[in-house]
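Working notes, beginning with the structure itself.
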Amino acid sequence: MTNKVEIRCLSKFFGSVQVLHGIDLTVKQGEIVCLIGPSGSGKSTLLRCINQLEGAQEGIVRVDGVIQGWSVKNGKLHELSSREVIAQRSHIGMVFQRFNLFPHLTALENIIEAPIHVRGIRRADAIEHACELLTNVGLESKREAYPSELSGGQQQRVAIARALAMKPRLMLFDEPTSALDPELVSEVLNVMKSLAESGMTMIVVTHELGFAREVADRVVFMDQGRIVEDGPPEELLTSPKNSRTKSFISSVLQ
Amino acid sequence: MKEEVTMGNISIAGNGELERVQRKHYGRYASGILVLLLVFLVVRAFYNGMIDWNIVGEFLTAQSIIEGLLKTIVMAPLAMLLGLVLGLAIALMRMSQNPVCSTFAIGYMWLFRGSPQLLQLFLWYNIALVFPTITIPYLFSIPTIQVMTPFVATLLGLGICQSAYTAEVFRAGIISVDRGQGEAAAALGMGGGLSMRRIILPQAMRSIVPPVGNEFIGMVKATSLASAIQYTEILNAAQRIYYVNNYVIELLIVATVWYLFIVSLLTIGQNFLERHLGRGFERR
C-alpha cells in the first residue's frame, strides 16, 4: 500500500514553546489512524500541520508524495504562494471540534459553497452532489435548515458532508465529538464509521477509545509533543507498553 | 376529587387557581402625568412663542429649500459610500500582517479622526493654495480651483473623515466573527479574499450595520457643515433665505423638519437591512 501521509522530523514552536518534537508518522492509503493523548499533547497541532492551518518550523509533511507548503529547487525548500497552498489544502477535508458551519448559510449552501467558488463546479451539479451527501449522513430533510436550527450532532454531520463535497483524498477530524452532548456522539461516529468502510484515509484526533478500538487500524498515543506509542488498537489500548500510555488510558476509561 | 379545597382559611376554586389582583403602580401614573404636563408646557410655549408657523409651512416646499434638500440627499449617500469603501480598505490594512500597511492605517485614522470635520472641509476647499494645478504628466493639467468645487471638497472632506470612523466599525465587525469561520473556509480551500467576501463579511455585517446606521445619520447631519464652504445644502439654503427675510427660527425649523424626515427614512431602511442580514441567526 502506498503512503498517503508522511511526516518527517516535524517540529513546531509557538514563540519559544516547542509543541511538537521531531514527529515521524506515516499513514497508508485507506488507513484509519486515531491520535489520542492528554490535552496539550500536540495532537490537534499535528493535525493542523498536515493541512497547513499551522506551519511547522522544522521537518516536512508529504501528502501523496508531495511536500506540503514547499517546493524543492536547487536543493532548497522554497515557500509556496498562498494560491498553491490553498490548492493543496483543498484536497484535504477537515472536520472541527466546534463544527464551524457557516451560520448565515443553510445546510445545503454550506456544502455547495466551496465546490462552486473554489472548484468552479456548476451550481446544479454541486446541489445534486450535496443532496447525495446529505442523504448519506441522514439529513436529506434538513437541506434548507440553518445551522442554528440543527442539533450539534446534525451540525457535525453537515460539516462532514461539507468536507466530503470537495472530494478530499484524506480526511482530518479534530475531536469531532468533544463538543457534543453524550447522546449525540454515536450518530456522528456512525457516519465516520461508514466513511471509514468506504476506504477513505482518515486521521482522527479523539477521546473516544471505543471508536478507536472498533474502527482504527492504528492508534497513536502522543504526550508532550512526542509520539510515545504507535500500534494496533487492541494492543495499544489493552496492553500498552509505555507507562504514560497506560496511565492515560486508565484515566480516560474511569 | 373535591370541587373545592380549603387551605387554612383560603378557598381555592375548582381549577386550583386563585383570582390574581395586579398591584397598582401609582408611581407610574404620577410620573406619566408629570411628563405629559411638561410636554404640554413646552409645546404650548412654542405655539404661543414668536414663531410664524405660516412661514414655516410656506417655506417647507420653497424651491430653493427643495433644491438644498436634494443636494443633501445626493451628498450624504455619496460621502457615506466613499467613507465605507475607504473605511473597509483602511480596516483591512489595519489588520494586515504587513507592518507598513497597519502603521499607515493607524496614522490615517489618527489624522482624520483627530481633526475637526469643519476644519477638514476648509482644508479641502482651500487646497488650491497648496497645489495650484493638478497635473498628470503627458495627460492633463488643470487648475485645482476648477476641480475643488464646493461639491468635490464636501465629498472628499466628509467621505475621508467618515472612512476613519467606519474603518474601526468594519474592524470591530470582522474581529467579532468567530476565528473558526476563517479556518473552516481555509480548510475548504478558500483563499483570503474569497473567504472575506463570502464568509467573514456577510457575518460581520450583522454587527457592522447598526453602528453604520448611526454613522449614516451623523453623515446626513454633517452635510450641514458644508454650508460653511458654500455648498447649498438645506441649511445653507435656509440661511440664504433668512439673511433676506429675517425669519431665522422659522427657516431653521424648516431645515429641522427635513433632516428628521431623511433620518426617519434611513431608520426604516436600516430595519429592513438588519432583518435581511439576520438570516440563520434568528434562533439563538
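In the C-alpha cells, the first chain shown is A, the next is B, and so on; residue numbers restart at 1 for each chain, and ligands run from 1 in the order shown.
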
Only residues of chain A matter here; which ones have an atom within 6 Å of chain B, counting only C-alpha atoms? Give them as a list in words.
Ile86, Arg89, Ser90, Asn100, Pro103, His104 and Tyr146 of chain A

Tell me which protein, DNA and RNA residues are within 6 Å of region 44-57 of chain A, counting only C-alpha atoms, leaving out same-chain ones fewer than 2 positions away, and put them as a ChimeraX atom specification.
/A:11-12,42,89

Output N, CA, C and O atoms for every residue in that selection, as a PDB file, in the first residue's frame.
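Now in result_36.pdb:
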```pdb
ATOM      1  N   SER A  11       8.866  19.618  13.724  1.00  0.00           N
ATOM      2  CA  SER A  11       8.926  20.355  14.986  1.00  0.00           C
ATOM      3  C   SER A  11       8.195  21.672  14.825  1.00  0.00           C
ATOM      4  O   SER A  11       8.297  22.322  13.794  1.00  0.00           O
ATOM      5  N   LYS A  12       7.481  22.028  15.865  1.00  0.00           N
ATOM      6  CA  LYS A  12       6.663  23.239  15.785  1.00  0.00           C
ATOM      7  C   LYS A  12       6.807  24.026  17.081  1.00  0.00           C
ATOM      8  O   LYS A  12       6.777  23.444  18.174  1.00  0.00           O
ATOM      9  N   GLY A  42      -0.306  18.064  21.745  1.00  0.00           N
ATOM     10  CA  GLY A  42       0.116  18.454  20.397  1.00  0.00           C
ATOM     11  C   GLY A  42      -0.594  17.719  19.283  1.00  0.00           C
ATOM     12  O   GLY A  42      -0.275  17.896  18.120  1.00  0.00           O
ATOM     13  N   ARG A  89      -4.427  22.403   0.055  1.00  0.00           N
ATOM     14  CA  ARG A  89      -5.331  22.227   1.190  1.00  0.00           C
ATOM     15  C   ARG A  89      -6.709  21.739   0.739  1.00  0.00           C
ATOM     16  O   ARG A  89      -7.389  21.020   1.459  1.00  0.00           O
TER      17      ARG A  89
END
```

Do a neighbour search on region 61-65 of chain B at 6 Å with only C-alpha atoms, toss out local chain neighbours closer than 3 positions, and write the hits as a ChimeraX atom specification.
/B:68,234,237

If you keep N, CA, C and O atoms, can you produce a file of those selected residues as a CSV table (one decimal), in the first residue's frame?
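Resulting contents of result_31.csv:
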```csv
chain,number,residue,atom,x,y,z
B,68,GLY,N,-32.0,72.5,-2.0
B,68,GLY,CA,-31.0,72.2,-0.9
B,68,GLY,C,-31.2,70.8,-0.4
B,68,GLY,O,-30.2,70.0,-0.2
B,234,ILE,N,-29.4,72.0,2.6
B,234,ILE,CA,-30.6,72.5,3.2
B,234,ILE,C,-30.3,73.7,4.1
B,234,ILE,O,-30.9,74.8,4.0
B,237,ALA,N,-29.3,76.7,2.2
B,237,ALA,CA,-30.4,77.3,1.5
B,237,ALA,C,-31.3,78.1,2.5
B,237,ALA,O,-31.8,79.2,2.2
```

Alpha helix (DSSP H) per DSSP on the backbone: members of region 65-244 of chain A, as a PyMOL selection string
chain A and resi 82-89+107-114+123-136+152-164+185-197+209-215+233-238+243-244

Identify, on the basis of only C-alpha atoms, every residue whose closest approach to Gly87 (chain B) does not exceed 10 Å; exclude the query and any residue fewer than 2 positions from it along the same chain; express the result as a list in words.
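Contacts, in chain order: Met80, Leu81, Leu82, Gly83, Leu84, Val85, Ala89, Ile90, Ala91, Leu92, Met93, Ala105, Met109, Gly159, Ile160, Cys161, Gln162, Ser163, Ala164, Tyr165, Thr166, Ala167, Glu168, Val169, Phe170 and Arg171 of chain B.
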
Could those residues be written to a file, using C-alpha atoms, as a PDB file, in the first residue's frame?
```pdb
ATOM      1  CA  MET B  80     -21.019  57.738   3.043  1.00  0.00           C
ATOM      2  CA  LEU B  81     -20.202  55.417   0.140  1.00  0.00           C
ATOM      3  CA  LEU B  82     -16.720  56.922  -0.084  1.00  0.00           C
ATOM      4  CA  GLY B  83     -16.417  56.531   3.685  1.00  0.00           C
ATOM      5  CA  LEU B  84     -17.450  52.872   3.514  1.00  0.00           C
ATOM      6  CA  VAL B  85     -15.156  51.933   0.619  1.00  0.00           C
ATOM      7  CA  ALA B  89      -9.715  49.334   2.804  1.00  0.00           C
ATOM      8  CA  ILE B  90      -8.245  51.007   5.898  1.00  0.00           C
ATOM      9  CA  ALA B  91      -9.715  48.342   8.192  1.00  0.00           C
ATOM     10  CA  LEU B  92      -8.141  45.574   6.081  1.00  0.00           C
ATOM     11  CA  MET B  93      -4.815  47.438   6.066  1.00  0.00           C
ATOM     12  CA  ALA B 105      -3.775  52.724   8.660  1.00  0.00           C
ATOM     13  CA  MET B 109      -7.155  57.163  11.432  1.00  0.00           C
ATOM     14  CA  GLY B 159     -16.083  60.972   2.949  1.00  0.00           C
ATOM     15  CA  ILE B 160     -12.459  60.737   4.041  1.00  0.00           C
ATOM     16  CA  CYS B 161     -13.198  61.848   7.589  1.00  0.00           C
ATOM     17  CA  GLN B 162     -16.016  59.281   7.701  1.00  0.00           C
ATOM     18  CA  SER B 163     -13.730  56.493   6.457  1.00  0.00           C
ATOM     19  CA  ALA B 164     -11.514  56.904   9.521  1.00  0.00           C
ATOM     20  CA  TYR B 165     -14.539  56.092  11.702  1.00  0.00           C
ATOM     21  CA  THR B 166     -16.059  53.349   9.529  1.00  0.00           C
ATOM     22  CA  ALA B 167     -12.658  51.624   9.402  1.00  0.00           C
ATOM     23  CA  GLU B 168     -12.986  50.922  13.117  1.00  0.00           C
ATOM     24  CA  VAL B 169     -16.592  49.797  12.680  1.00  0.00           C
ATOM     25  CA  PHE B 170     -15.525  47.343   9.976  1.00  0.00           C
ATOM     26  CA  ARG B 171     -12.595  46.129  12.065  1.00  0.00           C
TER      27      ARG B 171
END
```

Between CA of Leu20 (chain A) and CA of Gly59 (chain A), measure the distance and give it in Å to one decimal.
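CA of Leu20 (chain A) sits 10.4 Å away from CA of Gly59 (chain A).
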
Taking the backbone alone, and naming residues the way the document does, which bits of region 14-254 of chain A are strand (DSSP E or B) by DSSP, as a ChimeraX atom specification?
/A:14,17-28,32-36,58-63,66-67,70-73,76-79,92-95,170-174,202-205,218-223,226-231

Non-local contacts of Asp64 (chain A) (7 Å; only C-alpha atoms; under 3 positions in same chain excluded) as an MDAnalysis selection string
chainID A and resid 3:5

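Of note, CA of Asp230 (chain A) and CA of Ile249 (chain A) are spaced 13.7 Å apart.
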
Please identify all polymer residues within 9 Å of region 172-187 of chain A, counting only C-alpha atoms, omitting same-chain residues fewer than 4 positions from it, and present them as an mmCIF file with N, CA, C and O atoms, in the first residue's frame.
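And here's out_15.cif as it stands now:
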```
data_model
loop_
_atom_site.group_PDB
_atom_site.id
_atom_site.type_symbol
_atom_site.label_atom_id
_atom_site.label_comp_id
_atom_site.auth_asym_id
_atom_site.auth_seq_id
_atom_site.Cartn_x
_atom_site.Cartn_y
_atom_site.Cartn_z
ATOM 1 N N LYS A 43 -1.629 16.891 19.637
ATOM 2 C CA LYS A 43 -2.271 16.110 18.581
ATOM 3 C C LYS A 43 -3.056 16.990 17.605
ATOM 4 O O LYS A 43 -2.965 16.795 16.390
ATOM 5 N N SER A 44 -3.783 17.993 18.118
ATOM 6 C CA SER A 44 -4.507 18.896 17.209
ATOM 7 C C SER A 44 -3.536 19.709 16.364
ATOM 8 O O SER A 44 -3.761 19.920 15.172
ATOM 9 N N LEU A 47 -2.308 17.644 13.580
ATOM 10 C CA LEU A 47 -3.341 17.530 12.550
ATOM 11 C C LEU A 47 -3.373 18.795 11.686
ATOM 12 O O LEU A 47 -3.455 18.736 10.460
ATOM 13 N N ARG A 48 -3.277 19.956 12.356
ATOM 14 C CA ARG A 48 -3.380 21.235 11.640
ATOM 15 C C ARG A 48 -2.129 21.521 10.823
ATOM 16 O O ARG A 48 -2.168 22.360 9.922
ATOM 17 N N ILE A 50 -0.804 19.155 9.022
ATOM 18 C CA ILE A 50 -0.958 18.343 7.812
ATOM 19 C C ILE A 50 -1.661 19.147 6.722
ATOM 20 O O ILE A 50 -1.285 19.088 5.559
ATOM 21 N N ASN A 51 -2.692 19.938 7.087
ATOM 22 C CA ASN A 51 -3.334 20.752 6.048
ATOM 23 C C ASN A 51 -2.890 22.220 6.114
ATOM 24 O O ASN A 51 -3.535 23.093 5.562
ATOM 25 N N ILE A 92 -7.677 18.138 1.063
ATOM 26 C CA ILE A 92 -7.682 17.531 2.400
ATOM 27 C C ILE A 92 -8.908 18.042 3.140
ATOM 28 O O ILE A 92 -9.056 19.241 3.357
ATOM 29 N N GLY A 93 -9.806 17.130 3.505
ATOM 30 C CA GLY A 93 -11.006 17.545 4.228
ATOM 31 C C GLY A 93 -10.710 17.662 5.711
ATOM 32 O O GLY A 93 -9.898 16.923 6.242
ATOM 33 N N MET A 94 -11.375 18.644 6.363
ATOM 34 C CA MET A 94 -11.165 18.767 7.800
ATOM 35 C C MET A 94 -12.492 18.975 8.520
ATOM 36 O O MET A 94 -13.343 19.735 8.064
ATOM 37 N N VAL A 95 -12.628 18.297 9.658
ATOM 38 C CA VAL A 95 -13.819 18.442 10.487
ATOM 39 C C VAL A 95 -13.360 18.939 11.849
ATOM 40 O O VAL A 95 -12.419 18.405 12.433
ATOM 41 N N PHE A 96 -14.034 19.996 12.328
ATOM 42 C CA PHE A 96 -13.574 20.680 13.538
ATOM 43 C C PHE A 96 -14.387 20.263 14.749
ATOM 44 O O PHE A 96 -15.545 19.864 14.639
ATOM 45 N N GLN A 97 -13.779 20.464 15.906
ATOM 46 C CA GLN A 97 -14.463 20.171 17.161
ATOM 47 C C GLN A 97 -15.765 20.973 17.285
ATOM 48 O O GLN A 97 -16.788 20.456 17.675
ATOM 49 N N ARG A 98 -15.674 22.268 16.930
ATOM 50 C CA ARG A 98 -16.846 23.131 17.097
ATOM 51 C C ARG A 98 -17.602 23.319 15.776
ATOM 52 O O ARG A 98 -18.200 24.364 15.538
ATOM 53 N N PHE A 99 -17.551 22.334 14.909
ATOM 54 C CA PHE A 99 -18.276 22.254 13.631
ATOM 55 C C PHE A 99 -17.893 23.355 12.639
ATOM 56 O O PHE A 99 -17.643 23.094 11.490
ATOM 57 N N VAL A 137 -25.471 11.189 5.087
ATOM 58 C CA VAL A 137 -25.325 11.455 6.517
ATOM 59 C C VAL A 137 -26.686 11.514 7.210
ATOM 60 O O VAL A 137 -26.786 11.911 8.362
ATOM 61 N N SER A 151 -29.285 20.323 15.663
ATOM 62 C CA SER A 151 -28.607 19.896 16.891
ATOM 63 C C SER A 151 -27.112 19.794 16.609
ATOM 64 O O SER A 151 -26.681 19.811 15.459
ATOM 65 N N GLY A 152 -26.330 19.676 17.668
ATOM 66 C CA GLY A 152 -24.878 19.561 17.499
ATOM 67 C C GLY A 152 -24.493 18.387 16.607
ATOM 68 O O GLY A 152 -23.653 18.509 15.722
ATOM 69 N N GLY A 153 -25.144 17.251 16.835
ATOM 70 C CA GLY A 153 -24.827 16.070 16.043
ATOM 71 C C GLY A 153 -25.158 16.269 14.576
ATOM 72 O O GLY A 153 -24.396 15.876 13.686
ATOM 73 N N GLN A 154 -26.313 16.931 14.329
ATOM 74 C CA GLN A 154 -26.699 17.217 12.942
ATOM 75 C C GLN A 154 -25.719 18.191 12.302
ATOM 76 O O GLN A 154 -25.313 18.027 11.150
ATOM 77 N N GLN A 156 -22.583 18.573 13.012
ATOM 78 C CA GLN A 156 -21.316 17.916 12.717
ATOM 79 C C GLN A 156 -21.453 17.013 11.494
ATOM 80 O O GLN A 156 -20.519 16.913 10.700
ATOM 81 N N ARG A 157 -22.639 16.410 11.320
ATOM 82 C CA ARG A 157 -22.823 15.567 10.135
ATOM 83 C C ARG A 157 -22.844 16.429 8.868
ATOM 84 O O ARG A 157 -22.303 16.032 7.826
ATOM 85 N N VAL A 191 -21.530 7.915 11.171
ATOM 86 C CA VAL A 191 -21.202 8.477 9.858
ATOM 87 C C VAL A 191 -19.717 8.278 9.568
ATOM 88 O O VAL A 191 -19.318 7.909 8.456
ATOM 89 N N MET A 192 -18.888 8.481 10.597
ATOM 90 C CA MET A 192 -17.442 8.320 10.399
ATOM 91 C C MET A 192 -17.091 6.860 10.120
ATOM 92 O O MET A 192 -16.200 6.574 9.321
ATOM 93 N N THR A 201 -9.009 7.517 3.652
ATOM 94 C CA THR A 201 -7.918 7.627 4.616
ATOM 95 C C THR A 201 -8.318 8.659 5.662
ATOM 96 O O THR A 201 -8.735 9.766 5.298
ATOM 97 N N MET A 202 -8.225 8.314 6.932
ATOM 98 C CA MET A 202 -8.705 9.224 7.978
ATOM 99 C C MET A 202 -7.699 9.322 9.113
ATOM 100 O O MET A 202 -7.169 8.305 9.565
ATOM 101 N N ILE A 203 -7.446 10.552 9.555
ATOM 102 C CA ILE A 203 -6.668 10.761 10.769
ATOM 103 C C ILE A 203 -7.600 11.439 11.760
ATOM 104 O O ILE A 203 -8.152 12.501 11.468
ATOM 105 N N VAL A 204 -7.812 10.816 12.906
ATOM 106 C CA VAL A 204 -8.848 11.265 13.836
ATOM 107 C C VAL A 204 -8.229 11.554 15.201
ATOM 108 O O VAL A 204 -7.694 10.648 15.842
ATOM 109 N N VAL A 205 -8.295 12.809 15.604
ATOM 110 C CA VAL A 205 -7.936 13.140 16.982
ATOM 111 C C VAL A 205 -9.185 12.912 17.822
ATOM 112 O O VAL A 205 -10.236 13.476 17.523
ATOM 113 N N THR A 206 -9.101 12.049 18.818
ATOM 114 C CA THR A 206 -10.331 11.706 19.530
ATOM 115 C C THR A 206 -10.062 11.258 20.958
ATOM 116 O O THR A 206 -8.945 10.881 21.319
ATOM 117 N N HIS A 207 -11.099 11.356 21.774
ATOM 118 C CA HIS A 207 -11.060 10.784 23.115
ATOM 119 C C HIS A 207 -11.951 9.554 23.189
ATOM 120 O O HIS A 207 -12.118 8.963 24.250
ATOM 121 N N GLU A 208 -12.580 9.196 22.042
ATOM 122 C CA GLU A 208 -13.494 8.059 22.017
ATOM 123 C C GLU A 208 -12.701 6.782 21.812
ATOM 124 O O GLU A 208 -12.483 6.326 20.688
#
```

Surrounding residues of Tyr125 (chain B) excluding itself and chain neighbours under 2 positions, 8 Å, only C-alpha atoms, as a list in words
Leu121, Phe122, Leu123, Ile127, Ala128, Met148, Thr149, Pro150, Ala153, Thr154 and Ile229 of chain B

Of the candidates A:Glu229, A:Ile32, A:Ile111, A:Thr26, which shows the shortest atom-to-atom distance to Glu132 (chain A), using only C-alpha atoms?
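Closest residue, counting only C-alpha atoms: A:Ile111.
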
One decimal, Å: what's the distance from CA of Gly173 (chain B) over to CA of Phe272 (chain B), could you say?
19.1 Å
